[in-house]
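Structure first, commentary second.
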Amino acid sequence: MSQPVFAPWDDPNEKPLIRFENVTKRFGDFVAIDDLSLSIYESEFFALLGPSGCGKTTMMRMLAGFENPSAGKIELAGKNIAGIPPNKRAVNMMFQSYALFPHLSVWENIAFGLKRGDMSKADIAARVEEMLKLTRLTKFAKRKPHQISGGQRQRVALARSLAKAPKLLLLDEPLGALDKKLRQDTQFELMDIQESTGTTFVIVTHDQEEAMTVASRVAVMDEGQIIQVATPGGIYEAPNSVYVADFIGDVNIISGTVKPAVDNIYHLDWVANEAPLLAASERPFSDGQEAHLAIRPEKIAISTEKPTEMKNAVQGTVLDIAYLGNLSTYHVQLAGGQVIKAQTANTRRLSRRTITWEDKVWISWSATAGVLLER
Amino acid sequence: MRRFFLIAVPYAWLLALFLIPFIIVFKISLSDLALSIPPYSPTAKDGIWEMFAAFDLENFTFLASDDLYWKAYLSSLKIALISTVLAVLVGYPMAYGMARAPEEWRPTLMMLVILPFWTSFLIRVYAWVGILSNEGLLNQFLLWLGIIDTPLTIMNTTTAVYIGIVYTYLPFMILPIYAALDRLDESLIEAAEDLGCSRLKAFWLVTIPLSRNGIIAGCFLVFIPALGEFVIPSLLGGSGTLMIGKVLFEEFFNNRDWPVASAVAVILLLILIVPIVLFQRNQQRQAEVES
């Protein structure tokens with residue numbers, strides 16, 4: 001039995017939970033968010049991804065109510081939320097610094113938001129217990145924030161922001177302060193919690209791996225604008241620009257001019273005295289248009305003999321080998337001077353490796369391995 | 001050995017600057033008034049054994065029997081307590097304003113708080129005489145505005161003492177509160193608002209508790225010197241204000257009764273030990289939380 005695919009963004013009848021409509025935010029002369037429109041749907045795990053200063057935190061602070069847009073409107077469940085103070089919004093935020101109250105115990109921290117409503121004492125206690133269980137903190141309920149570890153603090157912050165069962169949970173770099181191993185475990189924990197509570201999560205991060213792991217959709221931002229919104233797979237396999245391709249993972253960019261061949265296949269003239277490369281593209285290109293071919297290193301094969309079955313094969317010299325344990329990345333310098341990265345899985349032991357430094361090798365890929373981009 | 005020296009230095013300091021003077025004062029408080037130099041007997045000149053034999057608690061029983069003294073202690077406690085509360089009420093908003101001011105303004109504001117220390121304390125208190133007296137600046141200003149017809153009598157009342165104490169010790173209140181508020185992470189306030197607090201509620205539930213140690217430190221720094229204050233009540237309070245510091249001074253210099261003056265000082269110190277110990281505890285606890 002296959003599970004139904006969760007993709008409300010493809011359903012035109014689905015009403016978005018959050019809608020940014022031509023939102024602009026200025027701080028003095030600085031434009032933090034530039035005429036941005038975006039829809040986020042219920043139960044999504046939505047990631048805002050971008051380098052620091054791209055406006056992702058401003059987006060989140062506008063959702064939380066700490067900033068108001070200079071122009072445009074933000075709707076939450078169909079209602080314009082501009083001007084509504086943070087304490088009147090069904091939105092909770094998990095702060096980057098966690099912002100745990102140092103004078104209150106873990107229990108009191110989680111109960112803090114609940115006590116602000118008109119919940120009975122017994123209900124508050126039950127809800128806090130539930131949250132403690134969800135985040136595996138029952139044992140630490142009586143401790144103060146400075147008496148627990150960083151990972152536990154992160155879970156307290158999560159429990160506190162989830163306790164009021166918000167319509168929308170905002171997470172500002174939630175795992176930034178954790179070390180790598182703990183971060184990976186916590187990512188899966190976050191996903192489990194998001195799934196079991198059904199809350200809509202919006203996460204802000206500069207870590208592309210984190211965004212790819214947890215999110216149902218990722219918005220890549222740059223200079224106050226959204227460059228692309230797509231599923232992690234979509235962003236990785238079909239980036240819409242060199243910026244996105246380069247920001248997410250490792251990529252080789254080969255620039256040149258295109259000439260249409262047959263169907264969706266184009267020839268890319270990339271360097272003199274070399275055969276043009278073949279690339280498939282759904283997007284139409286005109287004759288002589290400038291284009292960039294983006295290929296992931298793992299989609300490029302490396303061999304000592306010229307491969308016969310691949311459409312694109314280029315000869316080069318091995319410049320560097322980066323051994324990562326499970327993978328090896330070969331930096332291959334082509335005749336024109338460009339360095340292409342090719343990655344192979346190390347299915348054999350190191351001693352059996354046939355390719356080494358300064359070897360002449362062939363790198364090859366199929367016509368559909370890369371994406372042809374306009375910009 | 002190194003450890004021994006590390007501990008020995010502060011203890012030697014304490015011994016030389018606190019314990020030895022205290023023992024001397026305590027010894028005088030046990031002796032009797034005499035017309036001699038020094039003006040009390042017995043002294044070590046009478047022989048160590050004779051000296052110890054002649055010690056008695058007469059001065060302390062005298063303090064208990066004359067209601068002037070316990071009234072002065074109580075009045076001092078009351079004045080110190082009320083001044084401390086007033087200093088919190090005036091100092092907290094100032095410290096809060098400083099902590100919330102733009103970063104580039106803070107050193108200037110800090111300077112303004114410290115600046116009065118550059119002038120002699122005595123001159124600053126005298127300056128208040130010029131402001132508060134019947135012909136003083138304040139009364140002239142209010143008369144000129146037409147708010148009052150006859151000058152207000154502030155000089156030589158307890159009100160003037162409150163004004164003087166709050167004015168003098170305000171920086172001691174502001175600085176520790178400012179230090180606490182300055183360390184306060186802005187995102188804590190935002191988190192409280194995000195969890196459903198209004199601005200005021202967030203201030204009450206987060207800002208106040210987190211600046212509590214600063215408030216406590218400031219209160220002790222005002223209360224402890226205010227309790228034994230002498231200059232302010234004698235310059236601004238007139239004869240109507242009874243404060244133990246003034247009584248102590250008069251016993252010592254007007255009556256030249258060193259033994260009774262010493263007994264007054266010993267009791268004052270015993271009263272002060274309580275807040276001093278509490279203050280030390282507060283500082284220690286704060287250091288523990290921060291580490």
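Every chain in the structure tokens takes a letter, A first, then B, and so on in the order presented; its residues are numbered from 1, and the ligands are numbered from 1 following the presented order.
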
Using DSSP on the backbone coordinates, identify the residues of range 29-231 of chain A assigned to strand (DSSP E); present them as JSON, numbers by chain.
-> {"A": [30, 31, 32, 33, 34, 35, 36, 37, 38, 39, 40, 45, 46, 47, 48, 49, 71, 72, 73, 74, 75, 76, 79, 80, 91, 92, 93, 94, 168, 169, 170, 171, 172, 200, 201, 202, 203, 204, 205, 217, 218, 219, 220, 221, 222, 225, 226, 227, 228, 229, 230]}

Might you pull out every residue within 12 Å of Ser120 in chain B, with only C-alpha atoms counted and same-chain residues fewer than 6 positions away left off, and present them as a ChimeraX atom specification?
-> /B:126-127,168

Please return, as a PyMOL selection string, all residues of chain B lying within 12 Å of chain A when only C-alpha atoms are considered.
-> chain B and resi 184-202+205-213+286+288-291

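Residues in contact with Ala179 in chain B at up to 12 Å, not including ones fewer than 5 positions away on its chain and judged by only C-alpha atoms, are Tyr92, Ala95, Tyr96, Met98, Ala99, Arg100, Arg106, Met110, Pro171, Phe172, Met173, Ile174, Leu184, Leu210, Ser211, Arg212, Asn213, Gly214, Ile215, Ala217 and Gly218 of chain B.
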
May I have the residues within 10 Å of range 154-157 of chain B as a PyMOL selection string, using only C-alpha atoms and disregarding those fewer than 3 positions away in the same chain?
-> chain B and resi 128-134+136+138-139+151+160-163+233-241

Take the residues just selected and output them with N, CA and C atoms as a PDB file, in the first residue's frame.
```
ATOM      1  N   TRP B 128      22.421  71.262  48.480  1.00  0.00           N
ATOM      2  CA  TRP B 128      20.993  71.023  48.701  1.00  0.00           C
ATOM      3  C   TRP B 128      20.402  72.024  49.687  1.00  0.00           C
ATOM      4  N   VAL B 129      21.235  72.536  50.596  1.00  0.00           N
ATOM      5  CA  VAL B 129      20.738  73.568  51.513  1.00  0.00           C
ATOM      6  C   VAL B 129      20.278  74.752  50.685  1.00  0.00           C
ATOM      7  N   GLY B 130      21.083  75.131  49.717  1.00  0.00           N
ATOM      8  CA  GLY B 130      20.743  76.248  48.846  1.00  0.00           C
ATOM      9  C   GLY B 130      19.493  75.996  48.020  1.00  0.00           C
ATOM     10  N   ILE B 131      19.228  74.729  47.719  1.00  0.00           N
ATOM     11  CA  ILE B 131      18.040  74.415  46.918  1.00  0.00           C
ATOM     12  C   ILE B 131      16.793  74.339  47.797  1.00  0.00           C
ATOM     13  N   LEU B 132      16.937  73.710  48.973  1.00  0.00           N
ATOM     14  CA  LEU B 132      15.753  73.351  49.747  1.00  0.00           C
ATOM     15  C   LEU B 132      15.324  74.399  50.780  1.00  0.00           C
ATOM     16  N   SER B 133      16.199  75.323  51.146  1.00  0.00           N
ATOM     17  CA  SER B 133      15.853  76.253  52.229  1.00  0.00           C
ATOM     18  C   SER B 133      14.687  77.153  51.817  1.00  0.00           C
ATOM     19  N   ASN B 134      14.127  77.855  52.809  1.00  0.00           N
ATOM     20  CA  ASN B 134      12.936  78.679  52.553  1.00  0.00           C
ATOM     21  C   ASN B 134      13.162  79.709  51.453  1.00  0.00           C
ATOM     22  N   GLY B 136      15.366  79.226  49.189  1.00  0.00           N
ATOM     23  CA  GLY B 136      16.160  78.446  48.234  1.00  0.00           C
ATOM     24  C   GLY B 136      15.586  78.450  46.826  1.00  0.00           C
ATOM     25  N   LEU B 138      14.351  76.070  44.950  1.00  0.00           N
ATOM     26  CA  LEU B 138      13.112  75.341  44.714  1.00  0.00           C
ATOM     27  C   LEU B 138      11.907  76.202  45.074  1.00  0.00           C
ATOM     28  N   ASN B 139      11.956  76.795  46.282  1.00  0.00           N
ATOM     29  CA  ASN B 139      10.837  77.625  46.709  1.00  0.00           C
ATOM     30  C   ASN B 139      10.661  78.832  45.804  1.00  0.00           C
ATOM     31  N   PRO B 151       6.486  79.954  51.098  1.00  0.00           N
ATOM     32  CA  PRO B 151       7.542  78.953  50.887  1.00  0.00           C
ATOM     33  C   PRO B 151       7.259  77.658  51.659  1.00  0.00           C
ATOM     34  N   ALA B 160      13.858  66.435  53.832  1.00  0.00           N
ATOM     35  CA  ALA B 160      15.160  66.863  53.315  1.00  0.00           C
ATOM     36  C   ALA B 160      16.186  65.740  53.458  1.00  0.00           C
ATOM     37  N   VAL B 161      16.090  64.985  54.564  1.00  0.00           N
ATOM     38  CA  VAL B 161      17.014  63.866  54.761  1.00  0.00           C
ATOM     39  C   VAL B 161      16.781  62.795  53.692  1.00  0.00           C
ATOM     40  N   TYR B 162      15.498  62.496  53.430  1.00  0.00           N
ATOM     41  CA  TYR B 162      15.201  61.517  52.368  1.00  0.00           C
ATOM     42  C   TYR B 162      15.770  61.964  51.036  1.00  0.00           C
ATOM     43  N   ILE B 163      15.538  63.244  50.718  1.00  0.00           N
ATOM     44  CA  ILE B 163      16.043  63.774  49.443  1.00  0.00           C
ATOM     45  C   ILE B 163      17.560  63.633  49.403  1.00  0.00           C
ATOM     46  N   PRO B 233      21.853  63.864  57.759  1.00  0.00           N
ATOM     47  CA  PRO B 233      20.895  64.335  58.780  1.00  0.00           C
ATOM     48  C   PRO B 233      21.390  65.567  59.525  1.00  0.00           C
ATOM     49  N   SER B 234      22.702  65.705  59.751  1.00  0.00           N
ATOM     50  CA  SER B 234      23.120  66.883  60.521  1.00  0.00           C
ATOM     51  C   SER B 234      23.103  68.143  59.665  1.00  0.00           C
ATOM     52  N   LEU B 235      23.277  68.030  58.348  1.00  0.00           N
ATOM     53  CA  LEU B 235      23.242  69.229  57.503  1.00  0.00           C
ATOM     54  C   LEU B 235      21.833  69.570  57.050  1.00  0.00           C
ATOM     55  N   LEU B 236      21.046  68.550  56.715  1.00  0.00           N
ATOM     56  CA  LEU B 236      19.729  68.815  56.128  1.00  0.00           C
ATOM     57  C   LEU B 236      18.587  68.556  57.103  1.00  0.00           C
ATOM     58  N   GLY B 237      18.821  67.679  58.093  1.00  0.00           N
ATOM     59  CA  GLY B 237      17.714  67.221  58.939  1.00  0.00           C
ATOM     60  C   GLY B 237      17.417  68.111  60.134  1.00  0.00           C
ATOM     61  N   GLY B 238      18.354  68.966  60.502  1.00  0.00           N
ATOM     62  CA  GLY B 238      18.131  69.820  61.661  1.00  0.00           C
ATOM     63  C   GLY B 238      18.039  69.012  62.942  1.00  0.00           C
ATOM     64  N   SER B 239      17.551  69.689  63.979  1.00  0.00           N
ATOM     65  CA  SER B 239      17.528  69.027  65.280  1.00  0.00           C
ATOM     66  C   SER B 239      16.393  68.029  65.387  1.00  0.00           C
ATOM     67  N   GLY B 240      15.394  68.151  64.514  1.00  0.00           N
ATOM     68  CA  GLY B 240      14.223  67.288  64.615  1.00  0.00           C
ATOM     69  C   GLY B 240      14.470  65.860  64.167  1.00  0.00           C
ATOM     70  N   THR B 241      15.505  65.647  63.361  1.00  0.00           N
ATOM     71  CA  THR B 241      15.739  64.312  62.823  1.00  0.00           C
ATOM     72  C   THR B 241      16.675  63.539  63.740  1.00  0.00           C
TER      73      THR B 241
END
```

Expressed in Å to a single decimal, how great is the separation between CA of Ile265 in chain A and CA of Ala238 in chain A?
-> 16.1 Å

Quick one: residues within 8 Å of range 244-246 of chain A, only C-alpha atoms counted, chain neighbours fewer than 6 positions away excluded, as a CSV table (one decimal) with N, CA and C atoms, in the first residue's frame?
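Written output follows (selection20.csv):
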```csv
chain,number,residue,atom,x,y,z
A,220,VAL,N,14.6,29.0,-1.2
A,220,VAL,CA,16.0,29.5,-1.2
A,220,VAL,C,15.9,31.0,-1.4
A,227,ILE,N,14.3,32.9,-4.5
A,227,ILE,CA,14.8,32.5,-5.8
A,227,ILE,C,14.1,31.3,-6.3
A,228,GLN,N,13.8,30.3,-5.4
A,228,GLN,CA,13.1,29.1,-5.8
A,228,GLN,C,12.4,28.5,-4.6
A,235,ILE,N,14.6,21.1,-5.6
A,235,ILE,CA,15.7,22.0,-5.5
A,235,ILE,C,17.0,21.4,-5.9
A,236,TYR,N,17.2,20.2,-5.5
A,236,TYR,CA,18.5,19.6,-5.8
A,236,TYR,C,18.7,19.2,-7.2
A,294,ALA,N,24.5,22.7,-15.2
A,294,ALA,CA,24.9,22.4,-13.8
A,294,ALA,C,24.8,20.9,-13.7
```
